[in-house]
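Shown next: protein.txt, containing compact mmCIF, C-alpha atoms and all ligand atoms.
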# COMPACT_ATOMS: atom_id res chain seq x y z
CA MET A 1 0.00 0.00 0.00
CA SER A 2 1.42 3.37 -0.87
CA THR A 3 0.20 6.78 0.11
CA ALA A 4 0.88 9.99 -1.68
CA ILE A 5 -0.04 13.13 0.14
CA GLN A 6 -0.43 16.55 -1.31
CA LYS A 7 -1.23 19.59 0.70
CA ARG A 8 -2.95 22.71 -0.48
CA LYS A 9 -4.41 25.76 1.18
CA LEU A 10 -8.16 26.20 1.32
CA SER A 11 -10.11 29.03 2.83
CA THR A 12 -11.38 26.78 5.64
CA GLY A 13 -7.96 25.52 6.49
CA LEU A 14 -5.64 22.96 5.06
CA ALA A 15 -6.90 20.10 2.93
CA VAL A 16 -4.85 16.99 2.82
CA THR A 17 -5.54 14.88 -0.22
CA GLN A 18 -4.65 11.31 0.44
CA LYS A 19 -4.34 8.97 -2.49
CA VAL A 20 -4.53 5.56 -1.00
CA PHE A 21 -3.85 2.48 -3.06
CA VAL A 22 -5.49 -0.62 -1.75
CA ARG A 23 -5.45 -4.07 -3.17
CA SER A 24 -8.73 -4.87 -4.88
CA ARG A 25 -10.31 -8.32 -4.76
CA ASN A 26 -8.83 -9.48 -8.04
CA GLY A 27 -5.38 -8.41 -6.92
CA GLY A 28 -5.18 -5.18 -8.89
CA ALA A 29 -4.61 -1.78 -7.34
CA LEU A 30 -7.64 0.28 -6.51
CA LYS A 31 -7.19 3.99 -6.05
CA ILE A 32 -9.18 5.79 -3.43
CA VAL A 33 -8.87 9.52 -3.07
CA ARG A 34 -9.76 10.90 0.32
CA GLU A 35 -10.04 14.56 1.05
CA HIS A 36 -9.15 15.23 4.61
CA TYR A 37 -9.85 18.78 5.72
CA LEU A 38 -7.77 20.24 8.45
CA ARG A 39 -9.11 23.15 10.40
CA ASP A 40 -7.67 25.61 12.84
CA ASP A 41 -10.98 26.48 14.44
CA ILE A 42 -11.60 23.34 16.49
CA PRO A 43 -11.77 24.40 20.14
CA CYS A 44 -9.93 22.58 22.92
CA SER A 45 -13.07 22.78 25.07
CA SER A 46 -11.29 24.02 28.18
CA GLN A 47 -13.07 26.76 30.16
CA SER A 48 -9.66 28.09 31.12
CA CYS A 49 -8.51 28.67 27.57
CA ASP A 50 -8.88 32.10 26.00
CA LYS A 51 -7.35 31.13 22.65
CA CYS A 52 -10.38 29.14 21.49
CA THR A 53 -13.15 31.59 22.43
CA ASP A 54 -14.00 32.37 18.81
CA PHE A 55 -14.28 28.73 17.84
CA TYR A 56 -17.52 27.96 19.64
CA PHE A 57 -20.36 28.06 17.17
CA LEU A 58 -24.10 27.99 16.81
CA ASP A 59 -25.16 24.36 16.76
CA ALA A 60 -28.04 24.12 14.28
CA SER A 61 -29.39 20.94 15.87
CA THR A 62 -29.81 22.47 19.33
CA GLY A 63 -30.02 26.17 18.44
CA GLU A 64 -27.40 26.88 21.11
CA ILE A 65 -23.85 28.10 20.99
CA THR A 66 -21.44 25.27 21.83
CA LYS A 67 -19.59 25.79 25.09
CA PRO A 68 -16.29 24.67 26.55
CA VAL A 69 -16.95 21.59 28.67
CA LEU A 70 -13.76 20.95 30.61
CA SER A 71 -13.74 22.63 34.01
CA ASP A 72 -11.49 25.60 34.81
CA SER A 73 -10.84 24.02 38.19
CA PRO A 74 -10.28 20.32 37.47
CA LEU A 75 -9.00 17.82 40.03
CA ASP A 76 -5.80 19.07 41.67
CA LEU A 77 -3.32 16.42 42.80
CA LYS A 78 -1.28 19.18 44.47
CA GLY A 79 2.13 18.37 43.16
CA LYS A 80 1.77 14.61 43.30
CA ALA A 81 3.88 13.19 40.48
CA ASP A 82 4.14 16.75 39.16
CA ILE A 83 0.53 16.73 38.06
CA GLY A 84 -1.45 19.39 39.92
CA LYS A 85 -4.63 20.58 38.21
CA HIS A 86 -5.20 18.33 35.23
CA TYR A 87 -7.39 16.82 32.58
CA VAL A 88 -7.14 13.14 31.78
CA MET A 89 -6.70 11.79 28.26
CA LEU A 90 -7.37 8.12 27.62
CA ASP A 91 -5.98 5.67 25.13
CA THR A 92 -8.12 3.04 23.47
CA ASN A 93 -7.29 0.10 25.73
CA VAL A 94 -7.99 2.11 28.85
CA VAL A 95 -11.46 2.92 27.52
CA LEU A 96 -12.08 -0.69 26.51
CA ASN A 97 -10.93 -2.13 29.82
CA ALA A 98 -12.05 0.51 32.27
CA ILE A 99 -15.37 1.70 30.86
CA ASP A 100 -17.08 0.77 34.15
CA MET A 101 -14.70 3.10 35.99
CA LEU A 102 -15.28 5.83 33.45
CA GLU A 103 -18.98 5.61 34.11
CA SER A 104 -18.55 5.66 37.87
CA ASP A 105 -19.19 8.95 39.63
CA ALA A 106 -16.30 8.24 42.01
CA VAL A 107 -13.63 9.03 39.43
CA PHE A 108 -12.85 10.55 36.03
CA TYR A 109 -14.16 14.04 35.51
CA ASP A 110 -12.76 16.37 32.86
CA VAL A 111 -11.73 13.71 30.40
CA ILE A 112 -10.47 14.15 26.84
CA VAL A 113 -11.13 11.39 24.34
CA PRO A 114 -9.18 11.87 21.11
CA GLN A 115 -11.25 11.15 18.00
CA THR A 116 -8.62 8.51 17.14
CA VAL A 117 -9.56 6.66 20.35
CA LEU A 118 -13.29 6.99 19.70
CA GLU A 119 -12.85 5.44 16.25
CA GLU A 120 -10.67 2.62 17.56
CA VAL A 121 -13.17 1.84 20.30
CA LYS A 122 -15.94 1.82 17.72
CA ASN A 123 -14.06 -0.74 15.65
CA LYS A 124 -13.22 -2.95 18.61
CA SER A 125 -16.44 -2.93 20.59
CA PHE A 126 -19.58 -1.26 19.38
CA ALA A 127 -21.19 -1.71 22.80
CA ILE A 128 -18.42 0.19 24.60
CA TYR A 129 -18.50 2.81 21.87
CA LEU A 130 -22.18 3.42 22.62
CA ARG A 131 -21.43 3.67 26.34
CA LEU A 132 -18.67 6.18 25.64
CA ARG A 133 -20.98 8.27 23.48
CA THR A 134 -23.54 8.26 26.27
CA LEU A 135 -20.84 9.41 28.69
CA CYS A 136 -20.01 12.36 26.45
CA LYS A 137 -23.60 13.52 26.84
CA ASN A 138 -23.41 13.37 30.63
CA GLU A 139 -22.90 17.01 31.62
CA GLU A 140 -21.61 16.23 35.10
CA LYS A 141 -18.77 14.02 33.89
CA ARG A 142 -17.38 16.56 31.42
CA VAL A 143 -16.08 14.08 28.86
CA VAL A 144 -15.20 15.56 25.47
CA VAL A 145 -14.21 14.09 22.14
CA PHE A 146 -11.47 16.16 20.55
CA HIS A 147 -11.25 15.93 16.76
CA ASN A 148 -7.48 15.65 16.73
CA GLU A 149 -7.35 14.30 13.20
CA PHE A 150 -9.10 17.40 11.82
CA LYS A 151 -7.16 19.99 13.77
CA THR A 152 -4.13 21.37 11.97
CA ASP A 153 -2.03 21.45 15.14
CA SER A 154 -2.65 17.87 16.18
CA TYR A 155 -2.90 16.03 12.87
CA LEU A 156 -0.05 13.88 11.63
CA ALA A 157 0.22 12.20 8.25
CA ARG A 158 0.68 8.47 8.24
CA GLU A 159 4.19 7.49 7.38
CA LYS A 160 4.99 5.15 4.56
CA GLY A 161 4.75 1.57 5.79
CA GLU A 162 3.56 2.60 9.25
CA ILE A 163 1.11 0.08 10.66
CA ILE A 164 -2.23 1.50 11.69
CA ASN A 165 -1.83 0.75 15.42
CA ASP A 166 1.47 2.62 15.55
CA TYR A 167 -0.04 5.48 13.59
CA ASN A 168 -3.00 5.71 15.94
CA ASP A 169 -0.73 5.63 19.01
CA ARG A 170 1.34 8.40 17.47
CA LEU A 171 -1.80 10.47 16.81
CA ILE A 172 -2.93 9.99 20.42
CA ARG A 173 0.47 10.98 21.81
CA ASN A 174 0.51 14.00 19.54
CA CYS A 175 -2.93 14.96 20.77
CA ALA A 176 -1.63 14.91 24.35
CA LYS A 177 1.38 16.91 23.26
CA PHE A 178 -0.87 19.47 21.59
CA TYR A 179 -3.01 19.90 24.72
CA THR A 180 0.04 20.15 26.97
CA SER A 181 1.48 23.07 25.05
CA HIS A 182 -1.91 24.62 24.23
CA LEU A 183 -2.87 24.83 27.92
CA LYS A 184 0.58 25.75 29.23
CA ASP A 185 -0.46 29.22 30.35
CA THR A 186 -3.59 28.02 32.15
CA GLY A 187 -1.73 25.98 34.78
CA ILE A 188 -3.70 22.90 33.78
CA SER A 189 -1.81 19.84 32.65
CA VAL A 190 -2.95 16.83 30.64
CA VAL A 191 -2.20 13.30 31.78
CA LEU A 192 -2.29 10.58 29.16
CA LEU A 193 -3.37 7.23 30.59
CA THR A 194 -2.08 4.20 28.74
CA ASN A 195 -0.93 0.78 29.88
CA ASP A 196 1.21 0.24 26.81
CA LYS A 197 4.90 0.25 27.79
CA ALA A 198 6.26 1.41 24.45
CA ASN A 199 3.66 4.14 24.30
CA ILE A 200 4.62 5.35 27.78
CA GLU A 201 8.29 5.61 26.84
CA LYS A 202 7.57 7.46 23.60
CA ALA A 203 5.18 9.86 25.32
CA ARG A 204 7.82 10.63 28.00
CA ALA A 205 10.32 11.39 25.26
CA ASP A 206 7.79 13.91 23.93
CA ASP A 207 7.50 15.53 27.39
CA VAL A 208 3.93 14.34 27.73
CA LYS A 209 2.72 13.47 31.22
CA VAL A 210 1.85 9.81 31.00
CA MET A 211 0.88 7.09 33.48
CA THR A 212 -0.67 3.67 33.69
CA LEU A 213 -4.25 3.53 34.88
CA GLU A 214 -3.15 1.83 38.13
CA ASP A 215 -0.47 4.41 38.90
CA TYR A 216 -2.88 7.24 38.24
CA VAL A 217 -5.62 5.78 40.41
CA SER A 218 -3.14 5.19 43.25
CA LEU A 219 -2.58 8.97 43.45
CA LEU A 220 -6.24 9.82 43.84
CA PRO A 221 -7.66 10.76 47.26
CA ASN A 222 -10.18 7.89 47.10
CA ALA A 223 -7.64 5.36 45.77
CA THR A 224 -8.65 2.64 48.25
CA GLU A 225 -12.27 2.78 47.19
CA LEU A 226 -11.24 2.65 43.54
CA GLN A 227 -8.90 -0.35 43.80
CA ASP A 228 -11.75 -2.82 43.42
CA MET A 229 -12.88 -1.17 40.23
CA LEU A 230 -9.53 -1.52 38.46
CA PRO A 231 -9.64 -4.01 35.61
CA SER A 232 -7.42 -7.02 36.26
CA SER A 233 -3.96 -6.56 34.83
CA ASP A 234 -4.37 -9.58 32.56
CA GLY A 235 -7.47 -7.86 31.21
CA PHE A 236 -5.17 -5.47 29.40
CA SER A 237 -3.05 -8.17 27.87
CA ALA A 238 -6.02 -10.31 26.93
CA LYS A 239 -7.82 -7.29 25.49
CA LEU A 240 -11.52 -8.02 25.14
CA THR A 241 -12.56 -11.60 25.59
CA GLU A 242 -14.57 -12.50 22.61
CA ILE A 243 -16.97 -15.36 22.90
CA LYS A 244 -16.11 -18.18 20.57
CA TYR A 245 -18.88 -20.47 19.42
CA PRO A 246 -18.50 -23.84 17.77
CA GLU A 247 -18.87 -23.53 14.02
CA TYR A 248 -22.04 -24.79 12.42
CA TYR A 249 -21.75 -27.92 10.34
CA THR A 250 -21.97 -27.65 6.57
CA THR A 251 -25.35 -28.29 4.96
CA ALA A 252 -24.06 -31.56 3.51
CA ARG A 253 -22.93 -32.77 6.93
CA LEU A 254 -26.23 -31.71 8.51
CA MET A 255 -28.30 -33.49 5.88
CA GLY A 256 -26.10 -36.60 5.99
CA GLY A 257 -26.29 -36.67 9.79
CA ILE A 258 -30.07 -36.31 9.86
CA LYS A 259 -30.36 -39.09 7.30
CA ASN A 260 -28.09 -41.57 9.08
CA GLY A 261 -29.59 -40.83 12.49
CA SER A 262 -26.56 -39.19 14.16
CA LEU A 263 -28.14 -35.70 14.10
CA TYR A 264 -31.66 -34.52 14.79
CA GLN A 265 -33.84 -31.74 13.56
CA GLY A 266 -36.30 -29.86 15.74
CA ASN A 267 -37.50 -26.50 17.01
CA ILE A 268 -35.71 -25.07 20.00
CA SER A 269 -37.48 -23.52 22.95
CA VAL A 270 -35.30 -21.38 25.17
CA SER A 271 -36.42 -21.26 28.81
CA SER A 272 -38.05 -17.99 29.74
CA TYR A 273 -36.51 -18.37 33.23
CA ASN A 274 -32.98 -19.11 32.10
CA PHE A 275 -31.70 -17.95 28.75
CA LEU A 276 -28.86 -20.48 29.06
CA GLU A 277 -31.23 -23.41 28.96
CA GLY A 278 -33.20 -24.69 26.02
CA SER A 279 -34.80 -27.87 24.76
CA VAL A 280 -35.41 -29.38 21.36
CA ASN A 281 -38.25 -31.73 20.53
CA VAL A 282 -36.71 -34.61 18.65
CA SER A 283 -39.11 -37.11 17.06
CA SER A 284 -36.98 -40.18 17.86
CA LEU A 285 -36.59 -39.35 21.57
CA PRO A 286 -39.41 -39.76 24.09
CA LYS A 287 -38.61 -36.40 25.71
CA PRO A 288 -37.13 -33.11 24.50
CA LEU A 289 -33.35 -33.01 24.39
CA LEU A 290 -31.94 -30.56 26.93
CA ILE A 291 -29.50 -27.90 25.67
CA LEU A 292 -27.44 -26.24 28.40
CA GLY A 293 -25.16 -23.24 28.22
CA ARG A 294 -24.19 -20.61 25.74
CA GLU A 295 -21.83 -22.78 23.72
CA ASN A 296 -24.30 -25.62 23.32
CA LEU A 297 -27.14 -23.27 22.45
CA ASN A 298 -24.67 -21.99 19.89
CA ARG A 299 -26.45 -18.79 18.87
CA ALA A 300 -29.87 -20.42 18.49
CA PHE A 301 -32.86 -18.25 19.34
CA ASN A 302 -36.19 -19.37 20.68
CA GLY A 303 -38.27 -20.88 17.91
CA ASP A 304 -35.40 -21.49 15.49
CA SER A 305 -35.47 -24.68 13.50
CA VAL A 306 -32.17 -26.29 14.51
CA VAL A 307 -30.08 -29.40 14.06
CA VAL A 308 -28.73 -30.94 17.26
CA GLN A 309 -26.41 -33.74 18.24
CA ILE A 310 -26.41 -35.66 21.49
CA LEU A 311 -23.44 -34.88 23.70
CA PRO A 312 -21.25 -37.59 25.26
CA LYS A 313 -22.68 -39.06 28.44
CA SER A 314 -20.07 -37.25 30.56
CA GLN A 315 -21.84 -34.00 29.68
CA TRP A 316 -25.37 -35.09 30.46
CA LYS A 317 -27.09 -33.27 33.26
CA LYS A 318 -26.37 -35.05 36.50
CA PRO A 319 -29.16 -35.70 38.99
CA SER A 320 -29.97 -32.72 41.19
CA THR A 321 -27.77 -30.30 39.28
CA GLU A 322 -29.68 -27.29 40.37
CA ILE A 323 -28.67 -24.13 38.65
CA VAL A 324 -27.05 -23.81 35.30
CA ASP A 325 -23.77 -22.13 35.95
CA GLU A 326 -22.57 -20.58 32.74
CA GLU A 327 -18.90 -20.76 33.70
CA THR A 328 -18.87 -24.47 34.47
CA ILE A 329 -20.85 -25.40 31.44
CA ASN A 330 -18.75 -23.39 29.06
CA LYS A 331 -15.59 -24.73 30.62
CA ASN A 332 -16.77 -28.27 30.07
CA ALA A 333 -17.95 -27.58 26.60
CA VAL A 334 -14.72 -25.95 25.55
CA GLY A 335 -12.60 -28.64 27.15
CA ASP A 336 -14.46 -31.49 25.52
CA ASP A 337 -15.05 -29.82 22.22
CA ASN A 338 -12.16 -31.07 20.18
CA GLU A 339 -12.20 -34.43 21.84
CA ASP A 340 -15.76 -35.15 20.95
CA GLU A 341 -15.25 -33.97 17.39
CA VAL A 342 -12.57 -36.55 16.94
CA VAL A 343 -13.62 -39.42 19.12
CA ILE A 344 -17.34 -39.78 18.58
CA SER A 345 -18.32 -41.55 15.40
CA ASP A 346 -21.81 -41.57 13.90
CA GLU A 347 -22.18 -45.14 15.13
CA GLU A 348 -21.34 -44.05 18.69
CA ARG A 349 -23.81 -41.17 18.38
CA ARG A 350 -26.53 -43.66 17.50
CA LEU A 351 -25.60 -45.73 20.55
CA LEU A 352 -25.75 -42.56 22.62
CA ALA A 353 -29.25 -41.99 21.25
CA GLN A 354 -30.31 -45.47 22.34
CA GLU A 355 -28.91 -44.76 25.77
CA ALA A 356 -30.78 -41.43 25.80
CA ILE A 357 -34.05 -43.20 24.93
CA ARG A 358 -33.45 -45.72 27.71
CA VAL A 359 -32.65 -43.03 30.26
CA GLN A 360 -35.50 -40.72 29.27
CA GLY A 361 -38.02 -43.53 29.23
CA GLY A 362 -36.77 -45.05 32.51
CA ASP A 363 -38.96 -45.20 35.52
CA VAL A 364 -36.74 -43.05 37.73
CA GLU A 365 -37.78 -40.25 40.06
CA GLU A 366 -37.26 -36.80 38.60
CA GLU A 367 -34.42 -35.69 40.87
CA LYS A 368 -32.43 -38.90 40.50
CA ARG A 369 -32.63 -38.90 36.77
CA ILE A 370 -29.68 -38.21 34.53
CA VAL A 371 -30.82 -36.07 31.59
CA PRO A 372 -29.35 -36.39 28.10
CA THR A 373 -28.08 -33.12 26.68
CA GLY A 374 -27.23 -31.91 23.23
CA ARG A 375 -25.67 -29.16 21.21
CA VAL A 376 -26.92 -27.09 18.33
CA VAL A 377 -24.71 -27.76 15.30
CA GLY A 378 -26.74 -25.99 12.64
CA ILE A 379 -29.68 -23.65 12.10
CA LEU A 380 -32.14 -24.51 9.35
CA LYS A 381 -34.51 -21.61 9.77
CA ARG A 382 -34.40 -18.52 11.97
CA SER A 383 -37.38 -17.04 13.72
CA TRP A 384 -36.09 -13.48 13.75
CA ARG A 385 -39.52 -11.90 13.37
CA LEU A 386 -40.24 -12.77 17.01
CA TYR A 387 -37.65 -10.30 18.23
CA VAL A 388 -38.40 -6.71 18.78
CA GLY A 389 -36.44 -5.17 21.57
CA GLN A 390 -34.70 -2.17 22.93
CA LEU A 391 -31.26 -2.13 24.44
CA ALA A 392 -30.12 0.51 26.82
CA PRO A 393 -26.38 0.75 26.16
CA ASN A 394 -25.72 1.11 29.90
CA SER A 395 -27.49 -2.13 30.73
CA VAL A 396 -25.13 -4.29 28.75
CA ASN A 397 -21.89 -5.77 30.00
CA PRO A 398 -19.83 -5.70 26.82
CA ASN A 399 -17.40 -8.26 28.23
CA GLN A 400 -20.18 -10.77 28.02
CA VAL A 401 -21.70 -9.87 24.70
CA GLY A 402 -18.86 -8.36 22.69
CA GLU A 403 -19.15 -8.76 18.97
CA GLU A 404 -22.43 -10.65 19.25
CA LEU A 405 -24.15 -7.51 20.51
CA LYS A 406 -22.55 -5.50 17.78
CA ASN A 407 -23.87 -7.92 15.15
CA TRP A 408 -27.23 -7.95 16.79
CA LEU A 409 -27.49 -4.20 16.87
CA VAL A 410 -26.49 -3.93 13.26
CA ARG A 411 -29.10 -6.50 12.28
CA GLU A 412 -31.83 -4.70 14.17
ZN ZN B 501 -8.10 26.25 23.63
Since I need it in another form, could you write the structure as structure tokens?
Amino acid sequence: MSTAIQKRKLSTGLAVTQKVFVRSRNGGALKIVREHYLRDDIPCSSQSCDKCTDFYFLDASTGEITKPVLSDSPLDLKGKADIGKHYVMLDTNVVLNAIDMLESDAVFYDVIVPQTVLEEVKNKSFAIYLRLRTLCKNEEKRVVVFHNEFKTDSYLAREKGEIINDYNDRLIRNCAKFYTSHLKDTGISVVLLTNDKANIEKARADDVKVMTLEDYVSLLPNATELQDMLPSSDGFSAKLTEIKYPEYYTTARLMGGIKNGSLYQGNISVSSYNFLEGSVNVSSLPKPLLILGRENLNRAFNGDSVVVQILPKSQWKKPSTEIVDEETINKNAVGDDNEDEVVISDEERRLLAQEAIRVQGGDVEEEKRIVPTGRVVGILKRSWRLYVGQLAPNSVNPNQVGEELKNWLVRE
């Protein structure tokens, strides 16, 4: 990929024309020309700044003049780590991992989110992006998005061969650098929070005040209270945990399996008391086959026409297993997944079915009964039309839904 950049003056500011060559599907080069307008009149949004006064404008959507959001008397750490009165700027991973903290009213007021970070968050987790947008509307928290990539003073062109992550980190550091010098006369500093070691070193070299989230929180007056809210340190290295589901079987495998009796077709009902528990009516079994846990439900929705297989006996529901614990079930399912792919033949599946019929039909008291369980391996027909819903972004724990929520929202 090669980028040629030309600059030319426009009345509104500087326009950067980027000619980006990307590889097209058939391998040829595809030229995309992007006009990127740089402006001088983007305000820093600090109430202490008198350089940006003219940049606030009449917002046609609200009929009001935009106002600086960041307080003129932000939190003062009184010389601790040379910080004093300061605004906080966050990098992408801090937002992704500490969004709960950001939303808390115990910490994080006067926060700057570079546009680069907002975009990265949007790409990585749509749910957290929505939460961040909601936060920006919360007047008490004073969280602003700064359009660093459109401001002449904070924009940087991407270097030839520079990978996008490095470029974004460089943009974020430059944004912090811009604020630091822009607010120099106000006595307010900007602290960039990032847990990325290389980023910290480079920011220090640029004379940017930079800290890890943990170090920053440890300086706060209510540090003890906040300790519990810190994301675990492995959270940062693991990034967001995405839920992995077993892949659906191919149509040929589904049809073959249904035909030879190793797979079954039926409609799934998901329990209205426990969304991690479902059952599928299978014509060859005396009772519905129980489906437990997220992995085994495998993205099936109530009413879907699904194809299921019977799980090995070790994963059947033991007598008096009371509550479906998502963790345990998923652990089991993941652990046994590959094994059962390899080990269980169609013949063994048919034997399992016979065993299931025997167990289901047995004259055993309810609580002493072992219950055969299965897994969804394919969806024949969705029942989407049943779903009309509303999601409040704040009600969702993105660590649990991740990309699924994103897909769901897009589909709705
Ligand atoms: Zn300003």
| query | Using only C-alpha atoms, which residue out of A:Glu277, A:Thr62, A:Asn267, A:Glu214 lies closest to Leu226 in chain A? | reply |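 Among the listed residues, A:Glu214 lies closest to Leu226 in chain A.
Put simply, CA of Asp228 in chain A is 27.3 Å away from CA of Glu201 in chain A.
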| said: Quick one: residues within 8 Å of range 368-375 of chain A, all atoms listed in the file, excluding same-chain residues fewer than 2 positions away - as a ChimeraX atom specification? | reply: /A:289-292,295-298,308-311,313,315-320,356,359-360,364-366,377
Counting all atoms listed in the file, which residues of chain A sit at most 12 Å from some atom of ligand ZN 501 (chain B), and what is each one's closest atom pair with its distance in Å to one decimal, listed by chain and rising residue number, as CSV?
residue,atom,partner,partner_atom,distance
A:Asp40,CA,B:ZN501,ZN,10.8
A:Asp41,CA,B:ZN501,ZN,9.6
A:Ile42,CA,B:ZN501,ZN,8.5
A:Pro43,CA,B:ZN501,ZN,5.4
A:Cys44,CA,B:ZN501,ZN,4.2
A:Ser45,CA,B:ZN501,ZN,6.2
A:Ser46,CA,B:ZN501,ZN,6.0
A:Gln47,CA,B:ZN501,ZN,8.2
A:Ser48,CA,B:ZN501,ZN,7.9
A:Cys49,CA,B:ZN501,ZN,4.6
A:Asp50,CA,B:ZN501,ZN,6.4
A:Lys51,CA,B:ZN501,ZN,5.0
A:Cys52,CA,B:ZN501,ZN,4.3
A:Thr53,CA,B:ZN501,ZN,7.4
A:Asp54,CA,B:ZN501,ZN,9.8
A:Phe55,CA,B:ZN501,ZN,8.8
A:Tyr56,CA,B:ZN501,ZN,10.4
A:Lys67,CA,B:ZN501,ZN,11.6
A:Pro68,CA,B:ZN501,ZN,8.8
A:Val69,CA,B:ZN501,ZN,11.2
A:Leu70,CA,B:ZN501,ZN,10.4
A:Asp72,CA,B:ZN501,ZN,11.7
A:Phe146,CA,B:ZN501,ZN,11.1
A:Lys151,CA,B:ZN501,ZN,11.7
A:Asp153,CA,B:ZN501,ZN,11.5
A:Phe178,CA,B:ZN501,ZN,10.1
A:Tyr179,CA,B:ZN501,ZN,8.2
A:Thr180,CA,B:ZN501,ZN,10.7
A:Ser181,CA,B:ZN501,ZN,10.2
A:His182,CA,B:ZN501,ZN,6.4
A:Leu183,CA,B:ZN501,ZN,6.9
A:Lys184,CA,B:ZN501,ZN,10.3
A:Asp185,CA,B:ZN501,ZN,10.6
A:Thr186,CA,B:ZN501,ZN,9.8
A:Ile188,CA,B:ZN501,ZN,11.6
| query | Interatomic distance between CA of Val217 in chain A and CA of Ser154 in chain A? | reply |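 Spanning CA of Val217 in chain A to CA of Ser154 in chain A is a straight-line distance of 27.2 Å.
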| field | Point-to-point distance in Å for CA of Leu285 in chain A and CA of Glu347 in chain A | value |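 Distance reported for this atom pair: 16.8 Å.
The closest residue to Leu118 in chain A, picked from A:Ala157, A:Ser279, A:Glu139, A:Asn168 and counting all atoms listed in the file, is A:Asn168.
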| Near Leu219 in chain A, within 12 Å and counting all atoms listed in the file, which residues show up once chain neighbours fewer than 3 positions away are dropped, as a ChimeraX atom specification? | /A:75-84,107,211-216,222-224,226-227
Kindly export the residues of the current selection with C-alpha atoms, as a PDB file, in the frame of the given file.
ATOM      1  CA  LEU A  75      -9.000  17.820  40.030  1.00  0.00           C
ATOM      2  CA  ASP A  76      -5.800  19.070  41.670  1.00  0.00           C
ATOM      3  CA  LEU A  77      -3.320  16.420  42.800  1.00  0.00           C
ATOM      4  CA  LYS A  78      -1.280  19.180  44.470  1.00  0.00           C
ATOM      5  CA  GLY A  79       2.130  18.370  43.160  1.00  0.00           C
ATOM      6  CA  LYS A  80       1.770  14.610  43.300  1.00  0.00           C
ATOM      7  CA  ALA A  81       3.880  13.190  40.480  1.00  0.00           C
ATOM      8  CA  ASP A  82       4.140  16.750  39.160  1.00  0.00           C
ATOM      9  CA  ILE A  83       0.530  16.730  38.060  1.00  0.00           C
ATOM     10  CA  GLY A  84      -1.450  19.390  39.920  1.00  0.00           C
ATOM     11  CA  VAL A 107     -13.630   9.030  39.430  1.00  0.00           C
ATOM     12  CA  MET A 211       0.880   7.090  33.480  1.00  0.00           C
ATOM     13  CA  THR A 212      -0.670   3.670  33.690  1.00  0.00           C
ATOM     14  CA  LEU A 213      -4.250   3.530  34.880  1.00  0.00           C
ATOM     15  CA  GLU A 214      -3.150   1.830  38.130  1.00  0.00           C
ATOM     16  CA  ASP A 215      -0.470   4.410  38.900  1.00  0.00           C
ATOM     17  CA  TYR A 216      -2.880   7.240  38.240  1.00  0.00           C
ATOM     18  CA  ASN A 222     -10.180   7.890  47.100  1.00  0.00           C
ATOM     19  CA  ALA A 223      -7.640   5.360  45.770  1.00  0.00           C
ATOM     20  CA  THR A 224      -8.650   2.640  48.250  1.00  0.00           C
ATOM     21  CA  LEU A 226     -11.240   2.650  43.540  1.00  0.00           C
ATOM     22  CA  GLN A 227      -8.900  -0.350  43.800  1.00  0.00           C
TER      23      GLN A 227
END
Using only the atoms of range 262-277 of chain A listed in the file, plus 8 Å on each side, state the axis-aligned box centre and edge lengths in Å rounded to one decimal, as JSON.
{"center_x": -32.3, "center_y": -28.6, "center_z": 23.4, "size_x": 27.5, "size_y": 37.2, "size_z": 35.7}
| request: Between A:Ala106, A:Leu38, A:Leu380, A:Ile65, single out the one closest to Met255 in chain A, counting all atoms listed in the file. | output: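 Nearest to Met255 in chain A: A:Leu380.
Across A:Asp169, A:Glu64, A:Asp346, A:Glu225, the tightest approach to Asn260 in chain A is made by A:Asp346 when counting all atoms listed in the file.
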Residue contacts of Tyr249 in chain A (7 Å, all atoms listed in the file) excluding same-chain residues fewer than 3 positions away, as a compact mmCIF listing (two decimals) with C-alpha atoms, in the frame of the given file:
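Output saved as part_8.txt:
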# COMPACT_ATOMS: atom_id res chain seq x y z
CA ARG A 253 -22.93 -32.77 6.93
CA LEU A 254 -26.23 -31.71 8.51
CA VAL A 377 -24.71 -27.76 15.30
CA GLY A 378 -26.74 -25.99 12.64
| task | Using all atoms listed in the file, collect all residues at a distance of at most 12 Å from (-12.3, -0.4, 15.0) as written in the file, then present them as a list in words. | result |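 Residues lying no farther than 12 Å from the given point: Thr92, Asn93, Leu96, Gln115, Thr116, Val117, Leu118, Glu119, Glu120, Val121, Lys122, Asn123, Lys124, Ser125, Phe126, Ala127, Ile128, Tyr129, Ile164, Asn165, Asn168, Glu403 and Lys406 of chain A.
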| said: Can you pull out the residues contacting Gly278 in chain A? Cut-off 6 Å, using all atoms listed in the file, and skip same-chain residues under 2 positions away; I want them as a ChimeraX atom specification. | reply: /A:269-271,291
Kindly export the residues of the current selection with C-alpha atoms, as an mmCIF file, in the frame of the given file.
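The resulting file, selection12.cif, is shown below:
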data_model
loop_
_atom_site.group_PDB
_atom_site.id
_atom_site.type_symbol
_atom_site.label_atom_id
_atom_site.label_comp_id
_atom_site.auth_asym_id
_atom_site.auth_seq_id
_atom_site.Cartn_x
_atom_site.Cartn_y
_atom_site.Cartn_z
ATOM 1 C CA SER A 269 -37.480 -23.520 22.950
ATOM 2 C CA VAL A 270 -35.300 -21.380 25.170
ATOM 3 C CA SER A 271 -36.420 -21.260 28.810
ATOM 4 C CA ILE A 291 -29.500 -27.900 25.670
#
| Got a sec to check which residues sit within 7 Å of (4.7, 14.9, 19.4), counting all atoms listed in the file, and write them as a PyMOL selection string? | chain A and resi 173-174+177+206
